[in-house]
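These notes are about the structure you will find just below.
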Amino acid sequence: MELFHDYIRDGKIRLREKFKEPTTVQDPCNVVRSGGLADKNRRLAEFLSEDFRPMKYQGNYNFCCGGGGGAMPMGGEMRKYRLRCGKIKAEQIRDTGAKIVFVPCHNCIDQLRDLSKEYDLGIRAIHFKEAITELMEIPQEMIPEED
Amino acid sequence: MDFYSFLYTMAHGPLLWISFLTFILGSLLRIILYVNLSRKKDKITHQHFNLKYVLMSLFRWILPLNRTVAKNPIFTILGYIFHICLIVVPIWYVGHISLWEESRFGWTWASIPDEWADRMTLVFLAIALFFLLRRIFSRDIRKISTLSDYFLLVVTALPFMTGYFLSHATLDGVPFLGDYMELIHILSGEFMLILIPFTKLSHFVLFLFSRGATAIEFGRRGYTV
Amino acid sequence: MAEDVNSREIYEFLKTRIGARFRTWLQICSHCGLCANTCHYYIANGNEPGMIPSYKVRHLLEILKRKGRVDRKYLETVYHTVYHECNMCRRCTLYCPFGIDIALMISLLRSMLFSQGIAPEGLVKAIENYKKFGNQMAVTEEDWVDTIEWCEEEMAEELLGLKIPIDKKGARIMYTVNAREPMFYPQDIMEVAKIFHVAGEDWTVPRKEGWDDTNLAMFCGDLKTARLIVENTFKRAEELEVEKIAITE
Ligand code: HEM
Ligand code: SF4
Ligand code: SF4
């Protein structure tokens, strides 16, 4: 994620366009609170969007999605608890009105997709890499010729 | 010499010494034990030691500049006032200073006006009462409170209450209490001093280390908590 | 629950790991409750007092007080608290006036449970996979390399000249993934390959174990395996003489 941020900042990757829909970004605990990447996380999200809407408590003080600390891979036994406590995250997202949520964490993204179903958020939760591949400009010489 | 005058002499002499020494040496001991143990077991803290983050964190928390104040303004502001009164009144109350002046040390320093001391004491007691009621009636706080939490709150408030009674002769008509208020006041103060190093009240100094350790823990990730 | 617990072991286990921070935290927590409304479990369960962070670590004090003499039943309660009521997200830590790190204490309780053979099934399975295959999903080295090559072929159709260099010595970046990617989300690998390619990055992925950057052992307090996993990754990085390790995300 840090790398991607630097690529775009340094112009190594250029974007064709930005997301027009409202977006927001999740702050995964391991990347942000315990990883120290709060600013880059947010800035990368801003690079990619025209209408970026921060969550309340965006950054180091953000809420956990509820899938952290091994909760996702624990599987079925944890499902009930994790969906319930994820309500907070679901409400945070709903409050921003975002349609696209960037989620730089495998764990969070599975949780957020579950939350979107459970709480009917109608969001698209995507990784930054997915977003960047969708938006980036591909240099002419790399595009294969159609035959 | 009857029992009470004996107690009185003790409270003014040896017990006073004992309590102050216990407080000072006990607190020092707590610091030494902390540093010692943390050298052995909290290697992370020492590997990543960074004074900048420690100081910035303490600065944010000794002054009300942190997120918790914004989140729970009423309780935290009351908490700050509580502690300010708690520290200021006993140290700068003119009656206490004159005792120091008469003592073998002969120390003296500026005092706060009597009426300030009065008001601060009342404010302090009101907040202490609020904390107590909160402990009793708030579903949350009751759940996490232990016996010692109630006990220590009373221990902390008692010297202030008796000090107020003493200086205003409030209960002078009451048998026993009226006669021995000074004794009760001194003993309660000494009791509190003795308990500080060995209970959660030791937070007055261990707070620095606890915050410091956590400040380093997050400081190595590049931000101040 | 016929199985008994080894009280002495529990007590010793905790005692050797309780440093100055833990000890101080347990003692100075003034039970002020400021951490309550910082925890998503507490709020989402209708401000349930039993979910106050400070309350969750009462077990640690209790076990120490009883010198480890607790029964299975009690440990089950602890299990419920430390696994079903906390994500170890550390939000409460940022709001506590003393900076008391509840998550670290929860983590200590988890390792204590692990030492007594109590851990969530899902995580235990993953740990076995780490030990055997070097990743959490039991992907073999062959499958891993196959997946990478397959991704490369797929992508080369879209982007000319795209390569996923395996074990390239002296690359600037060694890229590691979540083991779920080769199993379920190969498109994630392709996307990254695309980005690296367009950005002209000098990168590589390791062939041998160490390419899985998740560490589920950490979550259930199996510190030995956790260390092994980290060492694997760093060993690969050293072998390949890369400048940096990049993890997925
Ligand atoms: C300068 C150092 C001190 C600091 C930084 C400090 C900090 C705190 C904090 C953060 C709390 C919890 C939140 C709150 O109730 O507002 C607290 C509570 C408390 N402190 Fe202190 N404190 C200090 C000195 C003292 C001293 C010297 C005493 C008394 C002997 C004391 C007595 C108490 C009591 C009784 C409570 C509990 C209040 C309750 O029941 O909710 N503090 N302190
Ligand atoms: S905020 Fe800190 S001191 Fe207060 S109850 Fe929570 S853990 Fe204890
Ligand atoms: S670390 Fe645990 S107790 Fe603290 S806020 Fe996160 S989930 Fe709640």
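Residues are named by chain letter and number: chains run A, B, ... in the order of the structure tokens, numbers start at 1 in each chain, and ligands are numbered from 1 in the order shown.
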
ask   = Which residues form the shell of 9 Å around ligand 1 when you count only C-alpha atoms and all ligand atoms, given as number ranges by chain?
value = B: 58, 61-62, 75-84, 86-87, 128, 130-132, 134-135, 141, 145, 149-150, 152-157, 192-193, 195-196, 200-208; C: 28-34, 96-98

query = Any idea what's packed within 8 Å of Val25 in chain A, counting only C-alpha atoms, ignoring anything in its chain fewer than 2 positions away? Could you give it as a ChimeraX atom specification?
reply = /A:23,27,41-42,45,54-55,101-103

key: Within 10 Å of Ile127 in chain C using only C-alpha atoms, minus same-chain residues under 5 positions, as a list in words   =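 Everything that qualifies: Glu121, Gly122, Lys132, Phe133, Gly134, Asn135, Gln136, Met137, Ala138, Asn215, Leu216, Ala217, Met218, Cys220, Asp222, Thr225, Ala226 and Ile229 of chain C.
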
request  = Might you pull out every residue within 8 Å of Cys35 in chain C, with only C-alpha atoms counted and same-chain residues fewer than 3 positions away left off, and present them as a PyMOL selection string?
outcome  = chain C and resi 32+38-39+52-54+92-93+95-96

Return as a tab-separated table the residues of chain A lying at most 10 Å from ligand 3, together with the closest atom-to-atom pair for each and the distance in Å to one decimal, counting only C-alpha atoms and all ligand atoms, with rows in chain order and ascending residue number.
residue	atom	partner	partner_atom_place_in_ligand_line	distance
A:Cys29	CA	ligand 3	6 (Fe)	9.2
A:Phe63	CA	ligand 3	5 (S)	7.8
A:Cys64	CA	ligand 3	6 (Fe)	6.8
A:Cys65	CA	ligand 3	7 (S)	9.6
A:Gly66	CA	ligand 3	7 (S)	7.6
A:Gly67	CA	ligand 3	7 (S)	9.9
A:Gly68	CA	ligand 3	7 (S)	8.5
A:Gly69	CA	ligand 3	7 (S)	8.6
A:Cys85	CA	ligand 3	7 (S)	9.0

request  = Going by DSSP on the backbone, which bits of chain A are alpha helix (DSSP H)? Write them as a ChimeraX atom specification, please.
outcome  = /A:2-9,38-48,76-85,87-96,106-118,128-135

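The interatomic distance for the pair CA of Cys108 in chain A and CA of Tyr57 in chain A works out to 16.9 Å.
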
query = Which of these residues is nearest to ligand 2, using only C-alpha atoms and all ligand atoms: C:Tyr55, C:Tyr74, C:Tyr83, C:Phe196?
reply =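 The answer is C:Tyr55, which sits nearest to ligand 2.
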
ask   = Near chain C, which residues of chain A fall within 7 Å when you count only C-alpha atoms, and what do they look like as a PyMOL selection string?
value = chain A and resi 1+7+12-13+29+61+63-64+66-71+73-75+78+81+84-85+87-88+104-105+129-130+133+138+142-144

Enumerate, in order of chain and increasing residue number, the residues of chain A with an atom no farther than 9 Å from chain B, each with its shortest atom pair and distance in Å to one decimal, counting only C-alpha atoms, as a Markdown table.
| residue | atom | partner | partner_atom | distance |
| --- | --- | --- | --- | --- |
| A:Val32 | CA | B:Arg221 | CA | 8.9 |
| A:Arg33 | CA | B:Phe218 | CA | 8.0 |
| A:Ser34 | CA | B:Arg221 | CA | 6.7 |
| A:Gly35 | CA | B:Arg221 | CA | 5.9 |
| A:Gly36 | CA | B:Arg221 | CA | 4.5 |
| A:Leu37 | CA | B:Arg221 | CA | 8.1 |
| A:Asn60 | CA | B:Tyr223 | CA | 8.8 |
| A:Tyr61 | CA | B:Arg67 | CA | 8.9 |

task = Show which residues sit within 12 Å of range 37-41 of chain B, as an MDAnalysis selection string. Count only C-alpha atoms, and ignore same-chain residues fewer than 6 positions away.
result = (chainID B and resid 29:31 47 49 209:210 213) or (chainID C and resid 15:24)

Write a file of the just-selected residues containing all heavy atoms, as a compact mmCIF listing (two decimals), in the first residue's frame.
# COMPACT_ATOMS: atom_id res chain seq x y z
N LEU B 29 10.63 3.38 45.68
CA LEU B 29 10.76 1.94 45.52
C LEU B 29 9.96 1.46 44.31
O LEU B 29 10.44 0.66 43.51
CB LEU B 29 10.27 1.24 46.80
CG LEU B 29 10.46 -0.26 46.82
CD1 LEU B 29 11.94 -0.60 46.92
CD2 LEU B 29 9.70 -0.88 47.99
N ARG B 30 8.75 1.98 44.18
CA ARG B 30 7.92 1.58 43.04
C ARG B 30 8.62 1.92 41.73
O ARG B 30 8.60 1.14 40.78
CB ARG B 30 6.56 2.27 43.08
CG ARG B 30 5.62 1.81 44.18
CD ARG B 30 5.39 0.32 44.17
NE ARG B 30 4.81 -0.20 42.94
CZ ARG B 30 3.52 -0.42 42.75
NH1 ARG B 30 2.67 -0.19 43.71
NH2 ARG B 30 3.09 -0.89 41.60
N ILE B 31 9.24 3.08 41.70
CA ILE B 31 9.94 3.48 40.47
C ILE B 31 11.10 2.53 40.20
O ILE B 31 11.28 2.04 39.09
CB ILE B 31 10.46 4.92 40.58
CG1 ILE B 31 9.28 5.88 40.74
CG2 ILE B 31 11.29 5.29 39.37
CD1 ILE B 31 9.70 7.30 40.96
N GLN B 47 14.45 -0.93 23.64
CA GLN B 47 15.01 -0.93 22.28
C GLN B 47 14.56 0.29 21.49
O GLN B 47 15.31 0.86 20.73
CB GLN B 47 14.55 -2.18 21.52
CG GLN B 47 15.43 -3.38 21.75
CD GLN B 47 14.71 -4.65 21.34
OE1 GLN B 47 13.70 -4.60 20.65
NE2 GLN B 47 15.24 -5.78 21.77
N PHE B 49 13.34 3.09 22.73
CA PHE B 49 13.17 4.25 23.59
C PHE B 49 13.32 5.55 22.80
O PHE B 49 14.25 5.72 22.03
CB PHE B 49 14.18 4.22 24.73
CG PHE B 49 13.93 5.31 25.72
CD1 PHE B 49 12.97 5.16 26.69
CD2 PHE B 49 14.62 6.51 25.63
CE1 PHE B 49 12.70 6.18 27.58
CE2 PHE B 49 14.37 7.53 26.52
CZ PHE B 49 13.41 7.36 27.50
N PHE B 209 5.29 6.27 33.72
CA PHE B 209 5.93 5.14 33.07
C PHE B 209 4.97 4.40 32.15
O PHE B 209 5.33 3.96 31.07
CB PHE B 209 6.49 4.18 34.13
CG PHE B 209 7.59 4.79 34.92
CD1 PHE B 209 7.32 5.56 36.04
CD2 PHE B 209 8.90 4.63 34.53
CE1 PHE B 209 8.34 6.15 36.76
CE2 PHE B 209 9.93 5.22 35.23
CZ PHE B 209 9.65 5.98 36.36
N SER B 210 3.75 4.26 32.62
CA SER B 210 2.76 3.57 31.82
C SER B 210 2.51 4.31 30.51
O SER B 210 2.53 3.74 29.43
CB SER B 210 1.48 3.44 32.64
OG SER B 210 0.45 2.94 31.84
N ALA B 213 5.63 4.06 28.28
CA ALA B 213 5.79 2.79 27.58
C ALA B 213 4.86 2.72 26.38
O ALA B 213 5.26 2.32 25.29
CB ALA B 213 5.51 1.63 28.54
N LYS C 15 3.74 -15.70 35.10
CA LYS C 15 4.69 -14.95 35.92
C LYS C 15 5.94 -14.58 35.14
O LYS C 15 6.45 -13.48 35.25
CB LYS C 15 5.06 -15.74 37.17
CG LYS C 15 4.69 -14.99 38.43
CD LYS C 15 4.99 -15.74 39.69
CE LYS C 15 6.40 -16.28 39.74
NZ LYS C 15 6.62 -17.10 40.95
N THR C 16 6.42 -15.52 34.32
CA THR C 16 7.64 -15.20 33.59
C THR C 16 7.40 -14.16 32.51
O THR C 16 8.32 -13.52 32.05
CB THR C 16 8.24 -16.45 32.92
OG1 THR C 16 7.18 -17.10 32.20
CG2 THR C 16 8.81 -17.40 33.93
N ARG C 17 6.15 -14.01 32.11
CA ARG C 17 5.89 -13.07 31.02
C ARG C 17 5.36 -11.72 31.48
O ARG C 17 5.23 -10.80 30.69
CB ARG C 17 4.90 -13.69 30.04
CG ARG C 17 5.61 -14.67 29.13
CD ARG C 17 4.65 -15.56 28.42
NE ARG C 17 5.35 -16.56 27.63
CZ ARG C 17 5.93 -17.63 28.13
NH1 ARG C 17 5.89 -17.86 29.44
NH2 ARG C 17 6.57 -18.49 27.36
N ILE C 18 5.00 -11.61 32.74
CA ILE C 18 4.47 -10.35 33.23
C ILE C 18 5.62 -9.40 33.51
O ILE C 18 6.39 -9.60 34.43
CB ILE C 18 3.66 -10.58 34.51
CG1 ILE C 18 2.48 -11.47 34.20
CG2 ILE C 18 3.27 -9.27 35.13
CD1 ILE C 18 1.16 -10.82 34.22
N GLY C 19 5.74 -8.40 32.67
CA GLY C 19 6.80 -7.42 32.87
C GLY C 19 6.29 -6.25 33.69
O GLY C 19 5.19 -6.29 34.25
N ALA C 20 7.09 -5.22 33.72
CA ALA C 20 6.73 -4.06 34.53
C ALA C 20 5.46 -3.40 34.01
O ALA C 20 4.65 -2.91 34.78
CB ALA C 20 7.88 -3.06 34.52
N ARG C 21 5.30 -3.42 32.69
CA ARG C 21 4.12 -2.76 32.14
C ARG C 21 2.85 -3.47 32.59
O ARG C 21 1.94 -2.87 33.13
CB ARG C 21 4.17 -2.77 30.61
CG ARG C 21 5.19 -1.83 30.05
CD ARG C 21 5.08 -1.80 28.56
NE ARG C 21 5.43 -3.09 27.95
CZ ARG C 21 5.26 -3.35 26.67
NH1 ARG C 21 4.73 -2.47 25.87
NH2 ARG C 21 5.63 -4.52 26.18
N PHE C 22 2.80 -4.78 32.38
CA PHE C 22 1.61 -5.54 32.75
C PHE C 22 1.28 -5.36 34.22
O PHE C 22 0.15 -5.12 34.60
CB PHE C 22 1.82 -7.03 32.47
CG PHE C 22 1.80 -7.38 31.02
CD1 PHE C 22 2.94 -7.76 30.35
CD2 PHE C 22 0.61 -7.33 30.32
CE1 PHE C 22 2.91 -8.07 29.00
CE2 PHE C 22 0.57 -7.66 28.97
CZ PHE C 22 1.72 -8.03 28.31
N ARG C 23 2.31 -5.46 35.03
CA ARG C 23 2.08 -5.37 36.46
C ARG C 23 1.49 -4.02 36.82
O ARG C 23 0.52 -3.92 37.56
CB ARG C 23 3.42 -5.59 37.17
CG ARG C 23 3.30 -5.57 38.66
CD ARG C 23 4.46 -6.27 39.28
NE ARG C 23 4.59 -7.63 38.76
CZ ARG C 23 5.44 -8.53 39.26
NH1 ARG C 23 6.21 -8.21 40.25
NH2 ARG C 23 5.50 -9.74 38.75
N THR C 24 2.10 -2.99 36.27
CA THR C 24 1.62 -1.64 36.57
C THR C 24 0.20 -1.45 36.08
O THR C 24 -0.65 -0.91 36.78
CB THR C 24 2.55 -0.62 35.89
OG1 THR C 24 3.87 -0.89 36.31
CG2 THR C 24 2.17 0.79 36.27

task = Write out as a count of residues only the residues lying within 8 Å of range 58-61 of chain C, counting only C-alpha atoms and excluding same-chain residues fewer than 6 positions away.
result = 4

inquiry  = Using DSSP secondary structure from the backbone, list all strand (DSSP E or B) positions within range 106-223 of chain C, as a PyMOL selection string.
reply    = chain C and resi 166+173-177+203-205+212

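Checking B:Ile216, B:Ile127, B:Ile184, B:Val88 one by one against Ile74 in chain B, counting only C-alpha atoms, you find the shortest gap at B:Ile127.
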
message = Between CA of Glu12 in chain C and CA of Ser115 in chain C, what distance in Å does the model show, to one decimal?
response =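 Rounded to one decimal, the two atoms are 11.1 Å apart.
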
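The closest residue to chain C, picked from B:Asp2, B:Glu190, B:Glu115, B:Asp140 and counting only C-alpha atoms, is B:Asp140.
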
ask   = Which residue out of C:Trp144, C:Trp211, C:Tyr175, C:Trp25 has the minimum interatomic distance to ligand 2 when only C-alpha atoms and all ligand atoms are used?
value = C:Trp25
